[in-house]
Structure formats: C-alpha cells, structure tokens
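*Asks:* See entry-v5.txt below, with compact mmCIF, C-alpha atoms.
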```txt
# COMPACT_ATOMS: atom_id res chain seq x y z
CA MET A 350 54.41 5.57 -34.65
CA THR A 351 52.95 2.49 -32.98
CA GLN A 352 49.90 3.45 -30.94
CA ILE A 353 49.40 1.94 -27.53
CA PRO A 354 46.07 0.09 -27.04
CA GLU A 355 43.64 2.42 -25.27
CA GLN A 356 42.75 -0.14 -22.62
CA LEU A 357 46.37 -0.73 -21.62
CA SER A 358 47.07 2.99 -21.52
CA ASN A 359 44.07 3.63 -19.24
CA LYS A 360 44.97 0.72 -16.98
CA VAL A 361 48.52 1.93 -16.31
CA ASN A 362 47.49 5.57 -16.00
CA GLN A 363 44.70 4.78 -13.54
CA ALA A 364 46.81 2.35 -11.47
CA ILE A 365 49.58 4.92 -10.92
CA SER A 366 47.16 7.82 -10.37
CA LYS A 367 45.31 5.76 -7.77
CA ALA A 368 48.57 4.86 -6.02
CA LEU A 369 49.47 8.57 -5.86
CA GLU A 370 46.03 9.31 -4.41
CA GLU A 371 46.38 6.54 -1.81
CA GLU A 372 49.77 7.92 -0.73
CA LYS A 373 47.96 11.00 0.53
CA ILE A 374 45.74 9.02 2.95
CA PRO A 375 47.18 9.26 6.49
CA PHE A 376 48.61 6.01 7.88
CA LYS A 377 46.20 6.08 10.86
CA ASN A 378 43.14 6.20 8.61
CA ARG A 379 44.49 3.41 6.45
CA MET A 380 45.14 1.17 9.48
CA ALA A 381 41.68 1.88 10.92
CA LYS A 382 40.12 0.77 7.62
CA ILE A 383 42.29 -2.36 7.53
CA ILE A 384 41.43 -3.43 11.10
CA LEU A 385 37.73 -2.81 10.45
CA ILE A 386 37.65 -4.92 7.27
CA ALA A 387 39.68 -7.78 8.83
CA SER A 388 37.51 -7.77 11.96
CA VAL A 389 34.20 -7.78 10.08
CA LEU A 390 35.40 -10.63 7.85
CA VAL A 391 36.67 -12.77 10.74
CA LEU A 392 33.57 -12.10 12.89
CA PHE A 393 31.36 -13.17 9.98
CA LEU A 394 33.34 -16.39 9.49
CA ALA A 395 33.49 -17.06 13.24
CA GLY A 396 29.71 -16.56 13.35
CA LEU A 397 29.35 -19.22 10.67
CA GLY A 398 31.60 -21.39 12.84
CA CYS A 399 29.23 -20.98 15.80
CA ILE A 400 26.27 -21.94 13.60
CA SER A 401 28.20 -24.92 12.25
CA LEU A 402 29.18 -26.14 15.70
CA LYS A 403 25.77 -25.19 17.18
CA GLN A 404 27.56 -23.74 20.22
CA SER A 405 30.08 -21.07 21.11
CA LEU A 406 33.55 -21.66 19.72
CA PRO A 407 35.92 -23.85 21.75
CA THR A 408 39.08 -22.11 22.98
CA SER A 409 41.28 -23.76 20.34
CA TRP A 410 38.98 -22.51 17.57
CA THR A 411 38.84 -19.01 19.09
CA LEU A 412 42.63 -18.87 19.12
CA ALA A 413 42.70 -20.14 15.53
CA PHE A 414 40.35 -17.33 14.48
CA ILE A 415 42.59 -14.81 16.29
CA GLY A 416 45.47 -16.24 14.22
CA TRP A 417 43.52 -15.74 10.98
CA TRP A 418 42.50 -12.24 12.07
CA THR A 419 46.19 -11.34 12.58
CA LEU A 420 47.05 -12.80 9.18
CA LEU A 421 44.24 -10.85 7.53
CA ILE A 422 45.40 -7.59 9.10
CA ALA A 423 48.90 -8.25 7.71
CA ALA A 424 47.42 -9.14 4.31
CA PHE A 425 45.18 -6.08 4.10
CA THR A 426 48.11 -3.88 5.16
CA LEU A 427 50.02 -5.24 2.17
CA TYR A 428 46.98 -4.93 -0.10
CA PHE A 429 46.28 -1.30 0.77
CA LYS A 430 49.94 -0.28 0.58
CA PRO A 431 49.98 2.59 -1.93
CA GLU A 432 51.44 0.98 -5.03
CA PRO A 433 50.18 0.57 -8.61
CA LYS A 434 48.13 -2.61 -8.77
CA LEU A 435 49.36 -3.93 -12.09
CA GLU A 436 49.37 -7.63 -12.86
CA ILE A 437 52.49 -8.45 -14.83
CA GLN A 438 53.68 -11.91 -15.76
CA GLY A 439 56.38 -13.09 -13.37
CA ASN A 440 56.20 -9.96 -11.24
CA LEU A 441 55.22 -10.72 -7.63
CA SER A 442 54.52 -7.60 -5.61
CA SER A 443 53.18 -7.27 -2.08
CA TRP A 444 49.53 -6.89 -3.12
CA ILE A 445 49.77 -10.22 -4.98
CA PHE A 446 50.94 -11.93 -1.77
CA ALA A 447 48.07 -10.19 0.03
CA LYS A 448 45.59 -11.62 -2.49
CA ILE A 449 46.91 -15.12 -1.80
CA ILE A 450 46.58 -14.74 2.00
CA ILE A 451 43.09 -13.20 1.87
CA SER A 452 41.61 -15.69 -0.60
CA MET A 453 43.30 -18.67 1.03
CA THR A 454 42.12 -17.67 4.52
CA VAL A 455 38.51 -17.27 3.44
CA ILE A 456 38.49 -20.52 1.43
CA THR A 457 40.24 -22.39 4.26
CA ILE A 458 37.71 -21.29 6.89
CA PHE A 459 34.77 -22.20 4.63
CA GLU A 460 36.31 -25.60 3.96
CA LEU A 461 36.94 -26.14 7.64
CA LEU A 462 33.33 -25.37 8.45
CA ILE A 463 32.01 -28.00 6.07
CA CYS A 464 34.68 -30.62 6.79
CA PRO A 465 32.91 -33.48 8.62
CA SER A 466 36.02 -34.54 10.54
CA PHE A 467 36.64 -31.23 12.18
CA VAL A 468 33.05 -30.36 12.92
CA VAL A 469 32.16 -33.77 14.31
CA MET A 470 35.00 -33.47 16.80
CA ASP A 471 33.04 -30.89 18.73
CA SER A 472 29.38 -31.47 17.98
CA ILE A 473 27.09 -32.88 15.34
CA SER A 474 26.68 -30.33 12.59
CA SER A 475 23.92 -30.02 10.04
CA TRP A 476 26.56 -29.28 7.39
CA THR A 477 28.16 -32.72 7.33
CA PHE A 478 26.99 -33.46 3.80
CA LEU A 479 30.53 -34.53 2.98
CA ALA A 480 30.37 -37.35 5.53
CA PRO A 481 29.99 -40.09 2.85
CA ILE A 482 33.34 -39.01 1.38
CA THR A 483 34.91 -39.41 4.82
CA ASP A 484 33.43 -42.90 5.02
CA VAL A 485 35.06 -43.80 1.70
CA PHE A 486 38.43 -42.46 2.84
CA MET A 487 38.10 -44.31 6.15
CA SER A 488 37.33 -47.56 4.36
CA TRP A 489 40.51 -47.20 2.27
CA GLY A 490 43.02 -46.83 5.07
CA GLY A 491 41.36 -45.72 8.28
CA MET A 492 41.94 -42.42 9.97
CA LYS A 493 45.46 -41.99 8.59
CA ALA A 494 44.31 -42.19 4.95
CA CYS A 495 41.33 -40.00 5.71
CA MET A 496 43.53 -37.27 7.20
CA PHE A 497 46.06 -37.47 4.36
CA LEU A 498 43.40 -37.26 1.67
CA CYS A 499 41.48 -34.53 3.50
CA GLY A 500 44.61 -32.42 3.72
CA PHE A 501 45.50 -33.19 0.12
CA ILE A 502 42.09 -32.50 -1.42
CA PHE A 503 40.86 -29.56 0.66
CA VAL A 504 44.15 -27.65 0.79
CA GLY A 505 44.87 -28.56 -2.84
CA LEU A 506 41.55 -27.22 -4.11
CA GLY A 507 41.72 -24.12 -1.92
CA SER A 508 45.26 -23.26 -2.95
CA LEU A 509 44.53 -23.94 -6.61
CA ALA A 510 41.66 -21.45 -6.45
CA SER A 511 43.87 -18.89 -4.69
CA PHE A 512 46.77 -19.32 -7.08
CA LEU A 513 44.43 -19.02 -10.05
CA LEU A 514 43.55 -15.54 -8.81
CA VAL A 515 47.20 -14.54 -9.15
CA ALA A 516 47.99 -16.86 -12.07
CA LYS A 517 49.39 -14.16 -14.33
CA SER A 518 51.94 -12.98 -11.77
CA LEU A 519 52.82 -16.44 -10.47
CA SER A 520 53.38 -18.03 -13.86
CA GLY A 521 56.85 -17.24 -15.09
CA SER A 522 58.02 -15.94 -11.71
CA SER A 523 61.37 -16.99 -10.26
CA PHE A 524 61.72 -20.18 -8.19
CA ARG A 525 62.24 -18.02 -5.11
CA GLY A 526 58.98 -16.22 -5.87
CA PHE A 527 57.19 -19.54 -6.21
CA ILE A 528 58.52 -20.75 -2.84
CA LYS A 529 57.48 -17.43 -1.26
CA CYS A 530 53.92 -17.84 -2.59
CA VAL A 531 53.65 -21.41 -1.35
CA GLY A 532 55.10 -20.48 2.04
CA ILE A 533 52.78 -17.53 2.45
CA ALA A 534 49.79 -19.67 1.44
CA TYR A 535 50.75 -22.28 4.03
CA LEU A 536 50.72 -19.67 6.79
CA THR A 537 46.93 -19.68 6.49
CA GLN A 538 46.92 -23.41 7.35
CA LEU A 539 48.78 -22.98 10.65
CA PRO A 540 45.58 -22.29 12.66
CA ILE A 541 44.20 -25.62 11.38
CA LEU A 542 47.32 -27.38 12.60
CA TRP A 543 46.79 -25.69 15.94
CA ILE A 544 43.19 -26.97 16.11
CA GLN A 545 44.40 -30.48 15.36
CA LEU A 546 47.12 -30.33 17.98
CA CYS A 547 44.57 -29.22 20.57
CA ASP A 548 42.32 -32.19 19.83
CA GLU A 549 43.27 -35.51 21.39
CA MET A 550 41.91 -37.65 18.52
CA LEU A 551 43.28 -35.55 15.67
CA ARG A 552 46.67 -35.10 17.33
CA GLU A 553 47.60 -38.72 16.64
CA THR A 554 47.18 -38.40 12.89
CA PHE A 555 47.89 -34.73 12.23
CA LEU A 556 51.22 -35.57 10.55
CA PHE A 557 49.31 -37.28 7.73
CA TRP A 558 47.18 -34.18 7.24
CA LEU A 559 50.37 -32.08 7.28
CA LEU A 560 51.96 -34.27 4.61
CA GLY A 561 48.87 -34.24 2.38
CA SER A 562 48.41 -30.50 2.66
CA VAL A 563 52.08 -29.65 1.95
CA LEU A 564 52.14 -31.95 -1.08
CA SER A 565 48.93 -30.58 -2.56
CA LEU A 566 49.97 -26.98 -1.94
CA LEU A 567 53.25 -27.56 -3.77
CA LEU A 568 51.44 -29.32 -6.59
CA ALA A 569 48.83 -26.57 -6.98
CA GLY A 570 51.58 -23.94 -6.93
CA LEU A 571 53.60 -25.82 -9.55
CA ILE A 572 50.61 -26.19 -11.86
CA ILE A 573 50.19 -22.42 -11.98
CA HIS A 574 53.88 -21.51 -11.75
CA LEU A 575 54.87 -23.68 -14.70
CA ASP A 576 51.74 -22.65 -16.55
CA LEU A 577 50.87 -26.29 -17.22
CA ARG A 578 47.52 -25.31 -18.74
CA ARG A 579 49.33 -23.53 -21.58
CA PHE A 580 51.79 -26.43 -21.88
CA PHE A 581 48.95 -28.93 -22.40
CA ILE A 582 47.25 -26.70 -24.97
CA ARG A 583 50.50 -26.14 -26.85
CA ASN A 584 51.20 -29.86 -27.03
CA ASN A 585 47.59 -30.86 -27.82
CA ILE A 586 47.35 -33.04 -24.72
CA MET B 505 49.56 22.02 -14.36
CA ASN B 506 51.27 23.78 -17.26
CA SER B 507 51.81 21.27 -20.05
CA ASP B 508 54.66 23.39 -21.48
CA LEU B 509 56.88 22.51 -18.55
CA SER B 510 59.96 20.40 -19.22
CA ASP B 511 59.92 16.67 -18.53
CA GLU B 512 62.35 17.16 -15.67
CA HIS B 513 60.14 19.78 -13.98
CA LEU B 514 57.12 17.54 -14.35
CA MET B 515 59.08 14.61 -12.93
CA SER B 516 60.05 16.66 -9.86
CA ALA B 517 56.39 17.45 -9.27
CA TYR B 518 55.47 13.80 -9.80
CA VAL B 519 58.07 12.74 -7.23
CA ASN B 520 56.25 15.02 -4.78
CA GLY B 521 52.96 13.26 -5.54
CA ASP B 522 51.44 15.50 -8.20
CA GLN B 523 48.99 13.44 -10.27
CA GLY B 524 48.63 16.07 -13.02
CA SER B 525 52.36 16.04 -13.72
CA PHE B 526 52.36 12.28 -13.97
CA ALA B 527 49.40 12.41 -16.37
CA ILE B 528 51.27 14.81 -18.70
CA LEU B 529 54.47 12.74 -18.60
CA PHE B 530 52.51 9.58 -19.27
CA GLU B 531 50.76 11.20 -22.21
CA ARG B 532 54.08 12.38 -23.64
CA TYR B 533 55.89 9.07 -23.36
CA LYS B 534 53.30 6.28 -23.52
CA ASN B 535 53.44 5.85 -27.30
CA LYS B 536 57.22 6.32 -27.46
CA ILE B 537 57.85 3.59 -24.86
CA TYR B 538 55.24 1.27 -26.31
CA GLY B 539 56.61 1.80 -29.82
CA PHE B 540 60.17 1.21 -28.62
CA LEU B 541 59.24 -2.12 -27.01
CA HIS B 542 57.05 -3.08 -29.93
CA ARG B 543 59.85 -2.51 -32.43
CA ARG B 544 62.35 -4.39 -30.32
CA LEU B 545 60.16 -7.42 -29.78
CA GLY B 546 57.86 -7.50 -32.75
CA SER B 547 54.12 -7.59 -33.05
CA LYS B 548 53.92 -11.34 -32.47
CA SER B 549 54.76 -10.96 -28.78
CA ARG B 550 52.01 -8.44 -28.04
CA MET B 551 51.42 -9.78 -24.52
CA LEU B 552 55.10 -9.48 -23.70
CA VAL B 553 55.19 -5.91 -25.01
CA ASP B 554 52.13 -5.05 -22.88
CA ASP B 555 53.73 -6.60 -19.80
CA LEU B 556 57.04 -4.82 -20.32
CA PHE B 557 55.26 -1.53 -20.88
CA GLN B 558 53.50 -1.94 -17.54
CA LEU B 559 56.73 -3.04 -15.87
CA THR B 560 58.56 0.03 -17.16
CA TRP B 561 56.02 2.41 -15.64
CA LEU B 562 55.82 0.38 -12.44
CA LYS B 563 59.62 0.56 -12.02
CA LEU B 564 59.59 4.25 -12.86
CA HIS B 565 56.97 4.82 -10.14
CA GLN B 566 58.80 2.71 -7.57
CA SER B 567 62.18 4.35 -8.16
CA ARG B 568 60.96 7.88 -8.82
CA ALA B 569 62.57 9.21 -5.64
CA SER B 570 66.00 8.37 -7.08
CA PHE B 571 65.47 10.53 -10.19
CA ASN B 572 68.26 13.06 -10.63
CA GLU B 573 66.88 16.40 -11.81
CA ASN B 574 70.13 17.20 -13.59
CA LYS B 575 69.66 14.26 -15.93
CA LEU B 576 67.25 13.92 -18.80
CA PHE B 577 63.94 12.21 -18.12
CA SER B 578 63.86 10.65 -21.59
CA THR B 579 67.22 8.93 -20.99
CA TRP B 580 66.01 7.65 -17.66
CA ILE B 581 62.73 6.16 -18.86
CA PHE B 582 64.25 4.56 -21.96
CA THR B 583 66.99 3.05 -19.77
CA ILE B 584 64.31 1.56 -17.52
CA ALA B 585 62.46 0.16 -20.55
CA GLN B 586 65.66 -1.23 -22.06
CA ASN B 587 66.79 -2.85 -18.78
CA SER B 588 63.32 -4.28 -18.08
CA MET B 589 63.31 -5.86 -21.50
CA LEU B 590 66.82 -7.32 -21.19
CA ASP B 591 66.14 -8.66 -17.67
CA HIS B 592 62.89 -10.22 -18.79
CA LEU B 593 64.39 -11.87 -21.85
CA LYS B 594 67.35 -13.16 -19.87
CA LYS B 595 65.11 -14.56 -17.11
CA SER B 596 62.61 -16.21 -19.36
CA SER B 597 64.61 -17.11 -22.45
CA SER B 598 63.41 -20.70 -22.26
CA LYS B 599 59.78 -19.86 -21.58
CA PHE B 600 58.98 -17.08 -23.96
CA GLU B 601 59.70 -16.28 -27.54
CA SER B 602 62.74 -14.03 -27.63
CA ALA B 603 63.30 -11.41 -30.26
CA ASP B 604 65.71 -13.81 -31.98
CA ASP B 605 63.06 -16.55 -32.12
CA LEU B 606 60.67 -14.10 -33.70
CA ARG B 607 63.25 -13.08 -36.26
CA VAL B 608 63.91 -16.70 -37.24
CA GLU B 609 60.16 -17.33 -37.48
CA GLN B 610 59.76 -14.40 -39.83
CA GLU B 611 62.70 -15.39 -41.98
CA MET B 612 61.62 -18.99 -42.31
CA ASP B 613 57.90 -18.83 -42.89
CA PRO B 614 57.38 -21.47 -45.59
CA SER B 615 53.64 -20.96 -45.81
CA GLU B 616 54.01 -17.42 -47.14
CA ASN B 617 53.49 -17.11 -50.91
CA VAL B 618 54.53 -14.21 -53.18
CA GLU B 619 51.14 -12.52 -52.99
CA GLU B 620 51.11 -12.62 -49.21
CA LYS B 621 54.67 -11.35 -49.21
CA MET B 622 53.68 -8.35 -51.33
CA ILE B 623 50.81 -7.50 -49.03
CA ARG B 624 53.06 -7.84 -45.99
CA ILE B 625 55.79 -5.64 -47.43
CA GLU B 626 53.35 -2.98 -48.47
CA SER B 627 51.71 -2.92 -45.08
CA SER B 628 52.25 0.01 -42.76
CA ASP B 629 54.55 -1.88 -40.39
CA LYS B 630 56.98 -2.86 -43.15
CA ILE B 631 59.87 -1.12 -41.46
CA ASP B 632 59.02 -2.73 -38.12
CA GLN B 633 59.26 -6.14 -39.74
CA LEU B 634 62.53 -5.37 -41.44
CA LEU B 635 63.91 -4.03 -38.18
CA LEU B 636 63.36 -7.43 -36.64
CA LEU B 637 65.79 -8.88 -39.15
CA LEU B 638 68.60 -6.72 -37.83
CA PRO B 639 70.91 -7.99 -35.08
CA ASP B 640 69.78 -6.84 -31.61
CA LYS B 641 72.62 -4.35 -31.11
CA LEU B 642 72.06 -2.62 -34.43
CA ARG B 643 68.31 -2.61 -33.99
CA GLU B 644 68.38 -0.90 -30.58
CA ALA B 645 70.66 1.82 -31.96
CA ILE B 646 68.47 2.60 -34.95
CA VAL B 647 65.22 2.42 -32.96
CA LEU B 648 66.44 4.85 -30.33
CA CYS B 649 68.28 7.25 -32.65
CA ASP B 650 66.12 7.32 -35.77
CA LEU B 651 62.67 6.31 -34.65
CA GLU B 652 62.60 7.72 -31.12
CA GLU B 653 64.76 10.62 -32.28
CA LEU B 654 67.03 10.57 -29.26
CA PRO B 655 70.50 12.16 -29.60
CA SER B 656 73.36 9.65 -29.80
CA LYS B 657 74.75 10.87 -26.48
CA GLU B 658 71.50 9.99 -24.75
CA VAL B 659 71.37 6.63 -26.50
CA ALA B 660 74.93 5.97 -25.32
CA ILE B 661 73.79 6.45 -21.72
CA ILE B 662 70.72 4.23 -22.20
CA LEU B 663 72.71 1.42 -23.76
CA ASN B 664 75.68 1.94 -21.46
CA ILE B 665 78.15 2.20 -24.34
CA ASN B 666 80.38 4.86 -25.85
CA ASP B 667 78.87 7.61 -28.03
CA VAL B 668 81.21 6.65 -30.88
CA VAL B 669 80.05 3.04 -30.71
CA VAL B 670 76.43 4.23 -30.98
CA ARG B 671 77.21 6.16 -34.14
CA GLN B 672 79.10 3.18 -35.60
CA ARG B 673 76.18 0.88 -34.88
CA LEU B 674 73.76 3.41 -36.30
CA PHE B 675 75.79 3.61 -39.50
CA LYS B 676 75.87 -0.19 -39.84
CA ALA B 677 72.18 -0.48 -38.98
CA ARG B 678 71.14 2.07 -41.63
CA LYS B 679 73.31 0.34 -44.22
CA LYS B 680 71.93 -3.10 -43.35
CA LEU B 681 68.36 -1.80 -43.33
CA ARG B 682 68.86 -0.20 -46.74
CA GLU B 683 70.14 -3.55 -48.04
CA LEU B 684 67.13 -5.34 -46.60
CA VAL B 685 64.74 -2.87 -48.22
CA GLU B 686 66.48 -3.36 -51.57
CA LYS B 687 66.37 -7.12 -51.15
CA GLU B 688 62.66 -7.04 -50.31
CA LYS B 689 61.93 -4.89 -53.39
CA GLY B 690 63.98 -7.30 -55.55
CA GLY B 691 62.08 -10.25 -54.12
CA ILE B 692 58.75 -8.85 -55.23
CA ILE B 693 59.83 -7.99 -58.75
```
Could I get this structure in the form of structure tokens?
*Replies:*
Amino acid sequence: MTQIPEQLSNKVNQAISKALEEEKIPFKNRMAKIILIASVLVLFLAGLGCISLKQSLPTSWTLAFIGWWTLLIAAFTLYFKPEPKLEIQGNLSSWIFAKIIISMTVITIFELLICPSFVVMDSISSWTFLAPITDVFMSWGGMKACMFLCGFIFVGLGSLASFLLVAKSLSGSSFRGFIKCVGIAYLTQLPILWIQLCDEMLRETFLFWLLGSVLSLLLAGLIIHLDLRRFFIRNNI
Amino acid sequence: MNSDLSDEHLMSAYVNGDQGSFAILFERYKNKIYGFLHRRLGSKSRMLVDDLFQLTWLKLHQSRASFNENKLFSTWIFTIAQNSMLDHLKKSSSKFESADDLRVEQEMDPSENVEEKMIRIESSDKIDQLLLLLPDKLREAIVLCDLEELPSKEVAIILNINDVVVRQRLFKARKKLRELVEKEKGGII
C-alpha cells in the first residue's frame, strides 16, 4: 500500500486537531483576543504615524486608522474562526482572505508613513527619503503622473507581497475567487482614499491615484492567480 | 478512546468534537485515501495528490455534521475523495496534468530503453503504473474493489452507479490488467 508522507500526515492531523480544540474556546474569549490584537497593532502603527508627522494625527488620519482597526477586527475574526488551516491550491477559505487583509493593511500603513506626498501634506517628516523619486515623477507629468505612479507602484508592491503570502491558494483558484481576493485587498486602500478626499490638494488628483492603484492591484493579483512565475520557468523565458 | 470502536461510532464522537476519535479515524484511513488518490493520478502528480488528500479531509471536517450514522464511514470518505478529485480535474483540466495526460506520457516515453523498462517493471509500483494505462472508469472500479477492498455495493454508492455496472467494470478491468501484465512480460523477453 502507498504510504503517505509523514510530513503531510502530521500537517493534516494537526490542522484538524487544532480546529477541534479552537471550537471549544468560548466566543467571548475569542472576540476579546481579536479586539486586543487588532487594537495593539493599530495603536503601534498610529504611534509610528505620530512620529512620522511629528504631531498628533489629524482628524482624517484618525478616522482612517479607525477604518483599518475595523478591517483588522473583521480579518482576525476570520483568521481565528475554528477551521483547519490547510493551504490547498485553488482553495480560498476565510483564513486566506484574512491573511490578505492583515498583511495588506500593515504594508499599506507602512508605505503611507514613508510616502513623501502624504506626509508632506501635514508636516515635514524625517522619513521623506523617497522624495527624490517624487521629484522624478513630478518632472515626468506633474502631480497627475506622480499620483498615478505612486498608486501604481506602492499598491502594486504591497499587494504583490500580500498575494505572495497566499500564492498557493490563489493560483489555480476560480475567476470569482480571484475577484474576491482583489476586492478584499482593495478594501484596505479605502482609508487612503478617504485621506486624499479630506485633503484639498490631493482631492484634485485622487482619481489618478485610484486608477494607478486599481490597475496595479489587478496586475499583481493576475501574476499570482495565473501563476506566471511557473509559466515563465516552463517556457524558459 | 477505545480503538476497537466502529468507524461510525468514532465519527459520531468526532462530530461532537472528540479529538481522540478523529485521530483514530485519521490513522485508519490516511494511507487508504492517499493510496486511492495516488493510484488514480499517478506518482508524477505528487503535489496534486497531496492537495487532494488535504482537500478530502478538509471537506470531511467541514461537512461532518451532515454524516448519517446509518451509512458507512468508508463509503462517505471515499465519495468525498472521488468527488474532490473529479471536481479538481474538471476545474483545472487546462492547467494541470490530468490522469489522461499522465497515461499518454507513460505510454509514449521515447527516452526509455529496454534496460530502464525492465527496472521500471520490476519496481514495487509496477501495478500502479499499469493501472494508469487503464481507462478511468475501469481503474476506479479496480482500485476501490481490489486494492481498497471495498464491497461492490459500497463502490456503487461512491461512484454513483449500479452495483451490476461495478461488477462488469471490475471484470473488464481485471481482464485488461491481466493483458497489460502479459504484454509487459512479453516486451521484456
């Protein structure tokens, strides 16, 4: 009889046993843990925001962080839902969506804190080491090109990193699953749109940022969904 | 937990959250399910077999509340494995190597010389390789009846066909397999 590899056997056994164990934890305790983790994470990132801006957060930023906090609570609720955490090609379960939201939120906030455009809007930050890139973008096509490229590059890189974390499940999934992943990932960008809409200068060009970010998110998702890495290897490209 | 308990008793306890019962059931069926998928898909698609094995247990866990105690556990789990495999192959026929692709690859390997062929045939998974040369319908019948030792009535439920049809397919599969074995032996000599 064909013997199952030991590692695979242990993985499945442990995943289901853990799910059974988690089922026994009362809902209240689980929610308390979720709110605590989400709050600590958001407070830490908001603290970095205060340092970056060298002042307390403006109202628009505070509301954006509340938005991310709500998203993180939803994501951790999905993540800690008692279910076997098995990564299977093409199989998108709730904890996979949670991984996308959590990683994308954290990456997005970090990117926002080092983005010269956003930080300069409120005060001069010591973290504007990316300012020369902004100058290059501005010289190409002014503020509109800068916003488009910022959205495209930052959101593209962030989403690519997030999707790589769930690459096994996302590759080979259905088209509907792919759209779900992209849609869920974009939810984490809504607070940034809110910050832009609240700022008089950014409001005029936010549509270019929106276009760049949507395009790059779709592109990053497609790269992983269609497993282009494997395609290039297979065809010696 | 008493390991002498029937699968159905253990499943009832598992439905109620008993980890020990799950552990015993998993121990009893892990090699059977893995072997079943392995024989159906071949050793070349190891990753696919691993994924489908995980998917089978995941589906079993997710739908465990719907298990009917009056039915056999073995029928239920093999049905889940069979359906997972068919769904997966249907969904991803253009992306992954299907069992048919594997069969063609094995039949048309021009790089294989006589010496290699002898080694391959004498290897322990000789039967597994010959099974891949059978048509899908015949292969699933012989794998479930002869290798997994399930009664034809159970296999009929798993494959959603008549008991008589199972026995007909089993007869044809055995005959075809015997022919293939003879042919392989003839090829060597």
*Asks:* Using all atoms listed in the file, find the one residue out of A:Ser511, A:Asn359, A:Thr426, A:Ser405 that sits nearest to A:Met380.
*Replies:*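 Looking at the shortest contact to A:Met380, the residue is A:Thr426.
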*Asks:* For chain B, list the residues within 7 Å of chain A, counting only C-alpha atoms, and write the list as an MDAnalysis selection string.
*Replies:* chainID B and resid 521 523 535 538:539 555 558:559 562
*Asks:* Given only C-alpha atoms as the basis, pick out the residue of A:Met496, A:Ile383, A:Ile415, A:Cys530 nearest to A:Phe555.
*Replies:* A:Met496
*Asks:* I'd like the neighbourhood of B:Arg678 as a ChimeraX atom specification, where a residue qualifies if any of its atoms comes within 10 Å (using only C-alpha atoms), though same-chain residues fewer than 3 positions away should be ignored.
*Replies:* /B:638,642-643,645-646,650,673-675,681-684
*Asks:* Using all atoms listed in the file, determine which residues lie at most 10 Å from B:Arg568, disregarding the query and same-chain residues fewer than 6 positions distant; provide the list as a list of chain:residue names.
*Replies:*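 Everything that qualifies: B:Met515, B:Ser516, B:Tyr518, B:Val519, B:Asn520, B:Leu562.
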*Asks:* When distances are computed from all atoms listed in the file, which of A:Trp418, A:Phe512, A:Phe497, A:Phe524 shows the smallest separation from A:Ile458?
*Replies:*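 So, comparing all the options, the nearest one is A:Trp418.
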*Asks:* Taking 2 positions as the minimum chain separation for residues in the same chain, which residues sit within 10 Å of A:Leu559 when counting all atoms listed in the file? Answer as a tab-separated table (two decimals) with C-alpha atoms, in the frame of the given file.
*Replies:*
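Written out: around.tsv:
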```
chain	number	residue	atom	x	y	z
A	496	MET	CA	43.53	-37.27	7.20
A	497	PHE	CA	46.06	-37.47	4.36
A	499	CYS	CA	41.48	-34.53	3.50
A	500	GLY	CA	44.61	-32.42	3.72
A	501	PHE	CA	45.50	-33.19	0.12
A	538	GLN	CA	46.92	-23.41	7.35
A	539	LEU	CA	48.78	-22.98	10.65
A	541	ILE	CA	44.20	-25.62	11.38
A	542	LEU	CA	47.32	-27.38	12.60
A	554	THR	CA	47.18	-38.40	12.89
A	555	PHE	CA	47.89	-34.73	12.23
A	556	LEU	CA	51.22	-35.57	10.55
A	557	PHE	CA	49.31	-37.28	7.73
A	561	GLY	CA	48.87	-34.24	2.38
A	562	SER	CA	48.41	-30.50	2.66
A	563	VAL	CA	52.08	-29.65	1.95
A	564	LEU	CA	52.14	-31.95	-1.08
```
*Asks:* Name the residues in contact with A:Leu385 at a cut-off of 12 Å, using all atoms listed in the file, excluding same-chain residues fewer than 3 positions from it; report them as number ranges by chain.
*Replies:* A: 378-382, 388-392, 418, 421-422, 425-426
*Asks:* State, in Å with one decimal place, the distance from atom CA of A:His574 to atom CA of A:Pro540.
*Replies:*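 Distance reported for this atom pair: 25.8 Å.
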*Asks:* Please, what distance in Å, to one decimal, runs between atom CA of A:Ser443 and atom CA of A:Leu560?
*Replies:*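 Those two atoms sit 27.8 Å apart.
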*Asks:* Tell me which of B:Asn574, B:Thr560, B:Thr583, B:Gln633 sits closest to B:Ala660, counting only C-alpha atoms.
*Replies:*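 Of B:Asn574, B:Thr560, B:Thr583, B:Gln633, the one nearest B:Ala660, counting only C-alpha atoms, is B:Thr583.
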*Asks:* With 6 Å on each side, where is the centre of the axis-aligned box around all listed atoms of stretch 629-641 of chain B, and how long are its edges in Å to one decimal, as AutoDock Vina command-line options?
*Replies:*
```
--center_x 63.6 --center_y -5.0 --center_z -37.1 --size_x 30.1 --size_y 19.8 --size_z 24.0
```
*Asks:* When you draw a straight line from atom CA of B:Ser549 to atom CA of A:Ile449, how long is it in Å?
*Replies:* 28.4 Å
*Asks:* If you count only C-alpha atoms, which residues fall within 10 Å of B:Leu635, apart from same-chain ones fewer than 5 positions away, as a PDB file with C-alpha atoms, in the coordinates of the input?
*Replies:*
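Okay, this is what ended up in part37.pdb:
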```pdb
ATOM      1  CA  ARG B 543      59.850  -2.510 -32.430  1.00  0.00           C
ATOM      2  CA  ARG B 544      62.350  -4.390 -30.320  1.00  0.00           C
ATOM      3  CA  LEU B 545      60.160  -7.420 -29.780  1.00  0.00           C
ATOM      4  CA  GLY B 546      57.860  -7.500 -32.750  1.00  0.00           C
ATOM      5  CA  ARG B 607      63.250 -13.080 -36.260  1.00  0.00           C
ATOM      6  CA  ASP B 629      54.550  -1.880 -40.390  1.00  0.00           C
ATOM      7  CA  LYS B 630      56.980  -2.860 -43.150  1.00  0.00           C
ATOM      8  CA  ASP B 640      69.780  -6.840 -31.610  1.00  0.00           C
ATOM      9  CA  LEU B 642      72.060  -2.620 -34.430  1.00  0.00           C
ATOM     10  CA  ARG B 643      68.310  -2.610 -33.990  1.00  0.00           C
ATOM     11  CA  GLU B 644      68.380  -0.900 -30.580  1.00  0.00           C
ATOM     12  CA  ILE B 646      68.470   2.600 -34.950  1.00  0.00           C
ATOM     13  CA  VAL B 647      65.220   2.420 -32.960  1.00  0.00           C
ATOM     14  CA  ALA B 677      72.180  -0.480 -38.980  1.00  0.00           C
ATOM     15  CA  LYS B 680      71.930  -3.100 -43.350  1.00  0.00           C
ATOM     16  CA  LEU B 681      68.360  -1.800 -43.330  1.00  0.00           C
ATOM     17  CA  LEU B 684      67.130  -5.340 -46.600  1.00  0.00           C
TER      18      LEU B 684
END
```
*Asks:* Would you please work out which residue, of B:Gln566, B:Asn572, B:Ser588, B:Ser510, is nearest to B:Arg532 when using all atoms listed in the file?
*Replies:*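 Smallest separation from B:Arg532 among the options: B:Ser510.
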*Asks:* Given the choices B:Val668, B:Leu634, B:Leu648, B:Leu593, which gets closest to B:Lys687 if the distance is worked out from only C-alpha atoms?
*Replies:*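 The shortest atom-to-atom distance to B:Lys687 comes from B:Leu634.
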*Asks:* Using all atoms listed in the file, give me every residue within 7 Å of (45.5, -25.9, -1.0) in file coordinates, as a count of residues only.
*Replies:* 11
